[in-house]
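What follows is the content of structure.txt (compact mmCIF, C-alpha atoms and all ligand atoms).
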```
# COMPACT_ATOMS: atom_id res chain seq x y z
CA MET A 1 -12.25 19.47 -11.10
CA MET A 2 -14.91 16.76 -11.42
CA LYS A 3 -14.98 17.14 -15.18
CA GLU A 4 -11.23 16.85 -15.40
CA THR A 5 -11.23 13.69 -13.27
CA LYS A 6 -13.91 12.17 -15.48
CA MET A 7 -11.92 12.94 -18.62
CA ILE A 8 -8.82 11.37 -17.11
CA LEU A 9 -10.74 8.25 -16.17
CA ILE A 10 -12.26 7.94 -19.62
CA SER A 11 -8.88 8.34 -21.27
CA MET A 12 -7.43 5.71 -18.92
CA ILE A 13 -10.15 3.25 -19.76
CA PHE A 14 -9.36 3.58 -23.46
CA THR A 15 -5.61 3.64 -23.25
CA LEU A 16 -4.76 1.31 -20.40
CA SER A 17 -4.71 -2.24 -21.60
CA ILE A 18 -2.18 -3.63 -19.20
CA THR A 19 -3.29 -6.52 -17.04
CA CYS A 20 -1.57 -8.82 -14.65
CA ILE A 21 -1.58 -11.48 -17.32
CA ASN A 22 0.15 -9.32 -19.93
CA GLY A 23 2.92 -8.38 -17.53
CA TYR A 24 5.60 -5.79 -17.95
CA SER A 25 6.36 -6.41 -21.61
CA GLN A 26 4.02 -3.50 -22.38
CA TYR A 27 6.11 -0.97 -20.50
CA SER A 28 6.13 2.35 -22.34
CA ASP A 29 6.45 6.05 -21.53
CA SER A 30 2.84 6.80 -22.55
CA LEU A 31 1.54 3.98 -20.37
CA VAL A 32 3.50 5.33 -17.40
CA LEU A 33 1.96 8.77 -18.04
CA ASP A 34 -1.51 7.23 -17.89
CA ILE A 35 -0.73 5.29 -14.71
CA LYS A 36 0.40 8.52 -13.05
CA ASN A 37 -3.11 9.92 -13.54
CA PHE A 38 -4.28 7.72 -10.67
CA ALA A 39 -2.66 10.17 -8.27
CA LYS A 40 -4.94 12.93 -9.57
CA GLY A 41 -8.51 13.58 -8.46
CA GLY A 42 -7.48 15.73 -5.58
CA TYR A 43 -4.65 16.03 -3.16
CA SER A 44 -7.08 14.42 -0.72
CA ILE A 45 -6.66 10.79 0.30
CA PHE A 46 -10.46 10.70 0.53
CA ASP A 47 -11.00 10.92 -3.23
CA LYS A 48 -13.04 7.88 -4.40
CA THR A 49 -13.46 6.63 -0.81
CA MET A 50 -16.67 6.37 1.24
CA VAL A 51 -15.86 9.80 2.71
CA ASP A 52 -16.75 11.47 -0.58
CA MET A 53 -20.06 9.61 -0.96
CA SER A 54 -23.53 10.22 0.48
CA TRP A 55 -24.89 7.61 2.88
CA GLN A 56 -27.48 6.68 0.28
CA ASP A 57 -24.83 5.98 -2.34
CA ILE A 58 -22.92 3.86 0.16
CA GLU A 59 -26.11 1.98 1.04
CA LYS A 60 -26.83 1.35 -2.64
CA SER A 61 -23.30 0.04 -3.18
CA ILE A 62 -23.53 -2.28 -0.16
CA SER A 63 -26.86 -3.59 -1.43
CA LYS A 64 -25.01 -4.63 -4.61
CA ASN A 65 -22.67 -6.66 -2.37
CA ALA A 66 -19.71 -4.31 -2.75
CA ILE A 67 -16.24 -5.63 -1.93
CA VAL A 68 -14.86 -3.19 0.62
CA LEU A 69 -11.16 -2.27 0.29
CA PHE A 70 -9.52 -1.12 3.51
CA PRO A 71 -6.20 0.79 3.26
CA ILE A 72 -4.11 1.00 6.45
CA ALA A 73 -0.68 2.56 7.04
CA VAL A 74 1.05 5.11 9.29
CA ILE A 75 2.46 8.63 9.25
CA GLU A 76 6.20 8.21 9.73
CA GLU A 77 9.42 9.92 8.80
CA HIS A 78 10.76 9.17 5.34
CA GLY A 79 14.17 10.83 5.24
CA PRO A 80 15.05 14.46 4.55
CA HIS A 81 13.84 14.29 0.93
CA MET A 82 10.20 13.27 1.53
CA ASN A 83 7.32 14.22 3.82
CA CYS A 84 5.94 11.84 6.47
CA GLY A 85 3.09 10.52 4.31
CA PRO A 86 4.47 8.04 1.72
CA ASP A 87 3.02 4.92 3.36
CA ILE A 88 -0.55 6.18 3.51
CA TYR A 89 -0.43 7.92 0.12
CA GLN A 90 0.84 4.75 -1.54
CA ILE A 91 -1.59 2.27 -0.01
CA TYR A 92 -4.51 4.62 -0.57
CA LEU A 93 -3.47 5.00 -4.21
CA ALA A 94 -3.21 1.22 -4.51
CA THR A 95 -6.82 0.76 -3.38
CA LYS A 96 -7.93 3.40 -5.89
CA MET A 97 -6.20 1.45 -8.69
CA ILE A 98 -7.74 -1.81 -7.50
CA LYS A 99 -11.20 -0.22 -7.35
CA TRP A 100 -10.77 1.08 -10.90
CA ASN A 101 -9.76 -2.36 -12.15
CA LEU A 102 -12.56 -4.22 -10.33
CA GLU A 103 -15.22 -1.79 -11.49
CA LYS A 104 -14.02 -2.24 -15.07
CA LYS A 105 -15.01 -5.89 -14.58
CA GLY A 106 -18.42 -4.88 -13.21
CA ILE A 107 -17.51 -5.65 -9.58
CA GLU A 108 -18.99 -3.18 -7.09
CA THR A 109 -16.29 -1.76 -4.80
CA LEU A 110 -16.03 0.66 -1.86
CA ILE A 111 -12.96 2.12 -0.13
CA VAL A 112 -12.89 2.66 3.65
CA PRO A 113 -11.45 6.05 4.71
CA PRO A 114 -7.69 5.36 4.90
CA VAL A 115 -6.52 4.63 8.46
CA TYR A 116 -3.19 6.32 9.06
CA TRP A 117 -2.88 5.76 12.82
CA GLY A 118 -0.87 2.62 13.45
CA ILE A 119 2.28 1.26 15.05
CA ALA A 120 5.44 3.03 13.88
CA ASP A 121 7.77 2.51 16.82
CA ILE A 122 10.95 2.13 14.79
CA GLY A 123 11.17 5.79 13.86
CA LYS A 124 9.30 7.24 16.82
CA GLU A 125 12.23 9.43 17.88
CA PHE A 126 11.91 11.40 14.66
CA PRO A 127 9.44 14.30 14.90
CA GLY A 128 6.36 13.73 12.77
CA ASN A 129 6.60 9.96 13.23
CA PHE A 130 3.36 9.04 15.04
CA THR A 131 2.82 5.75 16.78
CA ILE A 132 -0.08 4.44 18.86
CA ARG A 133 -0.41 1.72 21.47
CA GLU A 134 -1.18 -1.84 20.38
CA GLU A 135 -4.50 -1.74 22.25
CA THR A 136 -5.53 1.53 20.62
CA PHE A 137 -4.76 0.11 17.18
CA LYS A 138 -6.55 -3.15 17.91
CA TYR A 139 -9.70 -1.41 19.17
CA LEU A 140 -9.66 1.12 16.33
CA LEU A 141 -9.65 -1.62 13.68
CA HIS A 142 -12.18 -3.71 15.60
CA ASP A 143 -14.63 -0.79 15.82
CA ILE A 144 -14.29 -0.02 12.12
CA PHE A 145 -15.06 -3.66 11.29
CA ILE A 146 -18.12 -3.50 13.57
CA SER A 147 -19.38 -0.39 11.72
CA LEU A 148 -18.95 -2.11 8.35
CA LYS A 149 -20.79 -5.21 9.57
CA SER A 150 -23.66 -3.15 10.99
CA TRP A 151 -24.31 -1.61 7.55
CA GLY A 152 -24.54 -5.01 5.88
CA VAL A 153 -21.05 -5.28 4.35
CA ASN A 154 -20.17 -8.90 3.56
CA ASN A 155 -16.60 -8.88 2.24
CA VAL A 156 -13.57 -6.79 3.20
CA VAL A 157 -10.01 -6.89 1.83
CA VAL A 158 -7.36 -5.22 3.97
CA PHE A 159 -4.24 -3.55 2.50
CA ASP A 160 -1.32 -2.77 4.76
CA GLY A 161 1.14 -0.11 3.59
CA HIS A 162 3.62 -0.25 6.46
CA GLY A 163 6.11 -3.07 7.01
CA GLU A 164 6.74 -2.92 10.75
CA PRO A 165 6.29 -6.42 12.28
CA LYS A 166 4.18 -5.38 15.30
CA HIS A 167 1.91 -3.27 13.09
CA ASN A 168 1.44 -6.21 10.69
CA GLU A 169 0.79 -8.59 13.57
CA ILE A 170 -2.01 -6.46 15.04
CA ILE A 171 -3.66 -6.12 11.62
CA ARG A 172 -3.57 -9.91 11.15
CA GLU A 173 -5.07 -10.35 14.59
CA ALA A 174 -7.81 -7.81 13.79
CA ILE A 175 -8.56 -9.64 10.54
CA LEU A 176 -8.88 -12.90 12.44
CA ASN A 177 -11.19 -11.29 15.02
CA ALA A 178 -13.32 -9.71 12.30
CA ASN A 179 -13.90 -13.18 10.87
CA THR A 180 -14.36 -15.12 14.10
CA GLU A 181 -15.94 -12.57 16.47
CA ILE A 182 -17.77 -10.10 14.21
CA ASN A 183 -18.62 -12.63 11.52
CA LEU A 184 -17.41 -10.26 8.82
CA LEU A 185 -15.53 -12.00 5.99
CA THR A 186 -12.19 -10.19 5.93
CA TYR A 187 -9.19 -11.11 3.80
CA PHE A 188 -5.67 -10.06 2.84
CA CYS A 189 -3.60 -10.68 -0.29
CA VAL A 190 -0.54 -12.95 -0.16
CA ASP A 191 2.01 -13.79 -2.84
CA GLN A 192 1.03 -17.29 -3.92
CA ASN A 193 4.63 -18.43 -3.40
CA HIS A 194 4.26 -17.63 0.30
CA VAL A 195 0.79 -19.06 0.90
CA ASN A 196 2.27 -22.26 2.39
CA LYS A 197 3.58 -20.25 5.28
CA TYR A 198 -0.02 -19.74 6.44
CA GLN A 199 -1.28 -23.29 5.95
CA GLN A 200 -0.79 -24.29 9.58
CA THR A 201 -2.18 -21.01 10.94
CA PRO A 202 -5.72 -19.74 11.58
CA PHE A 203 -5.21 -17.26 8.71
CA LYS A 204 -5.29 -19.93 6.03
CA ASP A 205 -8.98 -19.34 5.27
CA TYR A 206 -8.63 -15.59 4.92
CA ILE A 207 -5.95 -15.40 2.26
CA ILE A 208 -6.30 -14.28 -1.35
CA PRO A 209 -3.35 -15.78 -3.26
CA VAL A 210 -1.81 -13.46 -5.84
CA ASN A 211 0.34 -14.37 -8.83
CA TYR A 212 2.68 -11.36 -9.02
CA LYS A 213 4.67 -10.67 -12.17
CA PRO A 214 8.39 -9.91 -12.15
CA SER A 215 9.20 -6.25 -11.52
CA ILE A 216 11.35 -4.16 -13.79
CA LYS A 217 14.79 -4.10 -12.23
CA ILE A 218 16.03 -0.85 -10.74
CA ASP A 219 19.73 -0.58 -9.94
CA CYS A 220 19.78 0.37 -6.26
CA LYS A 221 22.94 0.00 -4.21
CA TYR A 222 23.18 -2.17 -1.08
CA ASP A 223 20.08 -3.03 0.97
CA ASN A 224 16.92 -1.01 0.49
CA HIS A 225 14.38 -0.99 3.31
CA HIS A 226 12.89 2.42 3.96
CA ALA A 227 12.50 5.74 2.12
CA ASP A 228 14.81 3.98 -0.33
CA CYS A 229 15.14 3.96 -4.13
CA HIS A 230 11.83 2.15 -4.58
CA GLU A 231 9.69 4.27 -2.29
CA THR A 232 11.33 7.48 -3.49
CA GLY A 233 10.64 6.43 -7.08
CA VAL A 234 6.96 5.69 -6.45
CA MET A 235 6.46 9.01 -4.65
CA ALA A 236 8.45 11.00 -7.22
CA GLY A 237 6.38 9.41 -9.98
CA PHE A 238 2.91 9.88 -8.52
CA TYR A 239 3.38 12.84 -6.17
CA PRO A 240 6.36 14.81 -7.51
CA GLU A 241 5.51 17.81 -5.35
CA MET A 242 6.13 15.70 -2.24
CA VAL A 243 9.72 14.72 -3.07
CA ASP A 244 12.81 16.92 -3.11
CA THR A 245 14.35 15.06 -6.04
CA VAL A 246 17.43 17.30 -6.17
CA LEU A 247 18.24 16.42 -2.58
CA ALA A 248 17.34 12.74 -3.14
CA ARG A 249 19.93 12.48 -5.93
CA LYS A 250 22.61 13.74 -3.55
CA LEU A 251 21.93 11.33 -0.68
CA GLU A 252 24.66 8.78 -0.02
CA PRO A 253 23.42 5.18 0.13
CA THR A 254 23.43 3.58 3.58
CA ASN A 255 25.91 0.74 3.49
CA PHE A 256 26.25 -1.59 6.46
CA ARG A 257 27.47 -4.58 4.50
CA ASP A 258 31.10 -3.65 4.92
CA SER A 259 30.69 -3.20 8.65
CA ILE A 260 32.41 -5.90 10.69
CA LYS A 261 29.67 -5.50 13.27
CA TYR A 262 27.10 -7.31 11.11
CA LYS A 263 27.30 -10.91 9.95
CA SER A 264 24.10 -10.93 7.89
CA PRO A 265 21.49 -8.51 6.48
CA ARG A 266 19.16 -9.77 9.20
CA ASP A 267 21.55 -8.54 11.91
CA ILE A 268 21.49 -5.11 10.29
CA THR A 269 17.70 -4.81 10.23
CA GLU A 270 17.43 -6.13 13.79
CA ASP A 271 19.81 -3.44 15.00
CA TRP A 272 17.94 -0.85 12.94
CA TYR A 273 14.64 -1.85 14.57
CA LYS A 274 16.23 -1.10 17.94
CA ASN A 275 18.12 2.12 17.12
CA ALA A 276 16.81 3.65 13.91
CA LYS A 277 17.92 7.18 14.71
CA GLN A 278 21.44 6.05 15.55
CA ILE A 279 21.83 3.62 12.67
CA THR A 280 20.20 5.87 10.04
CA PRO A 281 20.40 9.44 11.39
CA LEU A 282 18.82 10.94 8.27
CA GLY A 283 15.90 8.51 8.42
CA TYR A 284 16.34 6.60 5.16
CA PHE A 285 17.70 3.08 4.81
CA GLY A 286 18.82 2.37 1.27
CA ASP A 287 19.77 4.27 -1.83
CA PRO A 288 17.23 7.03 -2.61
CA ALA A 289 19.60 8.63 -5.15
CA SER A 290 19.15 5.71 -7.57
CA PHE A 291 15.37 6.12 -7.84
CA ASP A 292 13.71 5.67 -11.24
CA ALA A 293 10.23 7.20 -11.06
CA ASN A 294 8.86 5.70 -14.27
CA LYS A 295 9.99 2.16 -13.53
CA SER A 296 8.70 2.39 -9.96
CA VAL A 297 5.33 3.70 -11.14
CA PHE A 298 5.04 0.76 -13.51
CA ASN A 299 6.08 -1.83 -10.90
CA PHE A 300 3.67 -0.39 -8.36
CA PHE A 301 0.76 -0.43 -10.79
CA GLN A 302 1.56 -3.93 -12.00
CA ASP A 303 1.62 -5.33 -8.45
CA TYR A 304 -1.73 -3.87 -7.48
CA ILE A 305 -3.39 -4.82 -10.75
CA CYS A 306 -2.27 -8.37 -9.94
CA ASP A 307 -4.02 -7.97 -6.57
CA ALA A 308 -7.17 -6.78 -8.36
CA GLU A 309 -7.07 -9.77 -10.74
CA ALA A 310 -6.67 -12.12 -7.79
CA ILE A 311 -9.53 -10.49 -5.87
CA ALA A 312 -11.83 -10.71 -8.90
CA LYS A 313 -10.98 -14.39 -9.33
CA PHE A 314 -11.37 -15.14 -5.62
CA PHE A 315 -14.84 -13.62 -5.33
CA SER A 316 -16.09 -15.09 -8.59
CA LYS A 317 -15.91 -18.59 -7.07
ZN ZN B 1 7.35 3.91 3.74
```
Take the structure from the file and write it as structure tokens.
Amino acid sequence: MMKETKMILISMIFTLSITCINGYSQYSDSLVLDIKNFAKGGYSIFDKTMVDMSWQDIEKSISKNAIVLFPIAVIEEHGPHMNCGPDIYQIYLATKMIKWNLEKKGIETLIVPPVYWGIADIGKEFPGNFTIREETFKYLLHDIFISLKSWGVNNVVVFDGHGEPKHNEIIREAILNANTEINLLTYFCVDQNHVNKYQQTPFKDYIIPVNYKPSIKIDCKYDNHHADCHETGVMAGFYPEMVDTVLARKLEPTNFRDSIKYKSPRDITEDWYKNAKQITPLGYFGDPASFDANKSVFNFFQDYICDAEAIAKFFSK
């Protein structure tokens, strides 16, 4: 197993030349095959994280001023065609890709064990959709930051794989507290086109601006929000055993645009936040049937390599 992983990594280093700067013009089937190798190295979401290292190796890495990547998401329902893990699998995978890219540049990197307990209230009526109280989440993150600080970690970058507003809000708050109360420099990546939004907020000093490249277009019908064509494509590409692709191709897209009840897409999502099980009884919101695994794999990789480029630039200052 170890040998195989090593071989894969070596082959990736030689064959992967894509960078954020080069963009998607290099899209090719063989490149997509190589990108998919990131999902290997074990079914475990602990592969390449601090969990699989000895304390001495972690200590050595921290002494080299490692940048610590912190993946956070939830376990929540993702329709009848996927398991409940896409959010945590994806964000964990993203940190593994970022680590690979940073280490290629000689930047020491560690990954915190992925935290998959968070706020997932929207789908909480669906079995398998765990959610925790705000306080629990706040204290959990706070205590993890305290552990990192106590071992001498200097810089943390947080990655959030779940889009629920309350969940995002608590993470932002925890990042702020890490910086102001624990004195641990903790950051998050923001699309440089949206950085202005934070200028008048206390978060302005903890942002890493990222110059994302345009994604390859995937033809998905109507509005796609959850367990949709994009998420289904990423999971089908990296973790094919976790997606029932035959079923996915048969799922009707959710279409609320023609409903007289809603005046704008915002109205639809607001209603969905309140009554997910009623509005989307099968648990997906979008058009899973239109997924394109290869394009999604490429878009996913490109986005997170842009994050890695931005992190490298940010910490080289
Ligand atoms: Zn998801």
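Coordinates place CA of Ile208 in chain A at a distance of 28.8 Å from CA of Asp223 in chain A.
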message: Could you check the closest approach to Asn224 in chain A for each of A:Ser44, A:Asn37, A:Thr254, A:Thr201 and tell me which residue wins, using all atoms listed in the file?
response: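 The closest residue to Asn224 in chain A is A:Thr254.
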So for range 199-210 of chain A, what box centre and size do we get, axis-aligned, 4 Å extra on each of the six sides, every listed atom, Å to one decimal, as lines of an AutoDock Vina configuration file?
```
center_x = -4.9
center_y = -18.9
center_z = 2.9
size_x = 16.2
size_y = 18.8
size_z = 25.4
```
Env of range 231-236 of chain A: 7 Å cut, atoms = only C-alpha atoms, seq-sep filter 2 positions within chain, self excluded. Answer as a tab-separated table (two decimals) with C-alpha atoms, in the coordinates of the input.
```
chain	number	residue	atom	x	y	z
A	86	PRO	CA	4.47	8.04	1.72
A	227	ALA	CA	12.50	5.74	2.12
A	228	ASP	CA	14.81	3.98	-0.33
A	229	CYS	CA	15.14	3.96	-4.13
A	238	PHE	CA	2.91	9.88	-8.52
A	239	TYR	CA	3.38	12.84	-6.17
A	240	PRO	CA	6.36	14.81	-7.51
A	243	VAL	CA	9.72	14.72	-3.07
A	288	PRO	CA	17.23	7.03	-2.61
A	291	PHE	CA	15.37	6.12	-7.84
A	292	ASP	CA	13.71	5.67	-11.24
A	293	ALA	CA	10.23	7.20	-11.06
A	296	SER	CA	8.70	2.39	-9.96
A	297	VAL	CA	5.33	3.70	-11.14
```
task: Throw together the list of residues within 10 Å of ligand ZN 1 (chain B), counting all atoms listed in the file, and drop it here as a ChimeraX atom specification.
output: /A:73-79,84-91,161-164,225-228,230-232,235,284
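Taking only C-alpha atoms into account, His167 in chain A lies nearest to A:Thr131 out of the set A:Ser215, A:Gln192, A:Ser259, A:Thr131.
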query: For Ile62 in chain A, which residue among A:Leu148, A:Ile279, A:Leu31, A:Ile132 is the nearest when counting all atoms listed in the file?
result: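 Between A:Leu148, A:Ile279, A:Leu31, A:Ile132, the residue approaching Ile62 in chain A most closely is A:Leu148.
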Which residues of range 134-239 of chain A come within 12 Å of range 105-115 of chain A, and what is each one's closest atom pair and distance in Å (one decimal), counting all atoms listed in the file, sorted by chain and residue number, as a Markdown table?
```
| residue | atom | partner | partner_atom | distance |
| --- | --- | --- | --- | --- |
| A:Phe137 | CA | A:Val115 | CA | 10.0 |
| A:Leu140 | CA | A:Val115 | CA | 9.2 |
| A:Leu141 | CA | A:Val115 | CA | 8.7 |
| A:Ile144 | CA | A:Val112 | CA | 9.0 |
| A:Phe145 | CA | A:Val112 | CA | 10.1 |
| A:Ser147 | CA | A:Val112 | CA | 10.8 |
| A:Leu148 | CA | A:Val112 | CA | 9.0 |
| A:Val153 | CA | A:Leu110 | CA | 10.0 |
| A:Asn154 | CA | A:Thr109 | CA | 11.7 |
| A:Asn155 | CA | A:Thr109 | CA | 10.0 |
| A:Val156 | CA | A:Leu110 | CA | 9.3 |
| A:Val157 | CA | A:Ile111 | CA | 9.7 |
| A:Val158 | CA | A:Val112 | CA | 9.6 |
| A:Phe159 | CA | A:Pro114 | CA | 9.9 |
| A:Asp160 | CA | A:Val115 | CA | 9.8 |
| A:Gly161 | CA | A:Val115 | CA | 10.2 |
| A:His162 | CA | A:Val115 | CA | 11.4 |
| A:Ile171 | CA | A:Val115 | CA | 11.6 |
```
Save C-alpha atoms of range 185-217 of chain A from the block above as an mmCIF file, in the first residue's frame.
```cif
data_model
loop_
_atom_site.group_PDB
_atom_site.id
_atom_site.type_symbol
_atom_site.label_atom_id
_atom_site.label_comp_id
_atom_site.auth_asym_id
_atom_site.auth_seq_id
_atom_site.Cartn_x
_atom_site.Cartn_y
_atom_site.Cartn_z
ATOM 1 C CA LEU A 185 -2.400 33.307 13.366
ATOM 2 C CA THR A 186 -5.379 31.715 11.623
ATOM 3 C CA TYR A 187 -6.597 32.519 8.115
ATOM 4 C CA PHE A 188 -9.142 31.566 5.460
ATOM 5 C CA CYS A 189 -9.091 31.866 1.672
ATOM 6 C CA VAL A 190 -11.401 34.323 -0.097
ATOM 7 C CA ASP A 191 -11.966 34.934 -3.801
ATOM 8 C CA GLN A 192 -10.103 38.179 -4.446
ATOM 9 C CA ASN A 193 -13.230 39.601 -6.097
ATOM 10 C CA HIS A 194 -15.034 39.316 -2.755
ATOM 11 C CA VAL A 195 -12.285 40.594 -0.463
ATOM 12 C CA ASN A 196 -13.896 44.054 -0.309
ATOM 13 C CA LYS A 197 -16.820 42.570 1.532
ATOM 14 C CA TYR A 198 -14.519 41.997 4.522
ATOM 15 C CA GLN A 199 -12.735 45.358 4.516
ATOM 16 C CA GLN A 200 -14.975 46.891 7.173
ATOM 17 C CA THR A 201 -14.991 43.752 9.347
ATOM 18 C CA PRO A 202 -12.560 42.361 11.934
ATOM 19 C CA PHE A 203 -11.755 39.538 9.476
ATOM 20 C CA LYS A 204 -9.889 41.795 7.080
ATOM 21 C CA ASP A 205 -6.490 40.868 8.539
ATOM 22 C CA TYR A 206 -7.083 37.133 8.369
ATOM 23 C CA ILE A 207 -7.898 36.738 4.692
ATOM 24 C CA ILE A 208 -5.803 35.103 1.990
ATOM 25 C CA PRO A 209 -7.027 36.506 -1.354
ATOM 26 C CA VAL A 210 -7.212 33.940 -4.152
ATOM 27 C CA ASN A 211 -7.262 34.554 -7.888
ATOM 28 C CA TYR A 212 -9.504 31.702 -9.092
ATOM 29 C CA LYS A 213 -9.536 30.705 -12.747
ATOM 30 C CA PRO A 214 -12.740 30.186 -14.717
ATOM 31 C CA SER A 215 -14.231 26.716 -14.337
ATOM 32 C CA ILE A 216 -15.069 24.466 -17.243
ATOM 33 C CA LYS A 217 -18.780 24.841 -17.843
#
```
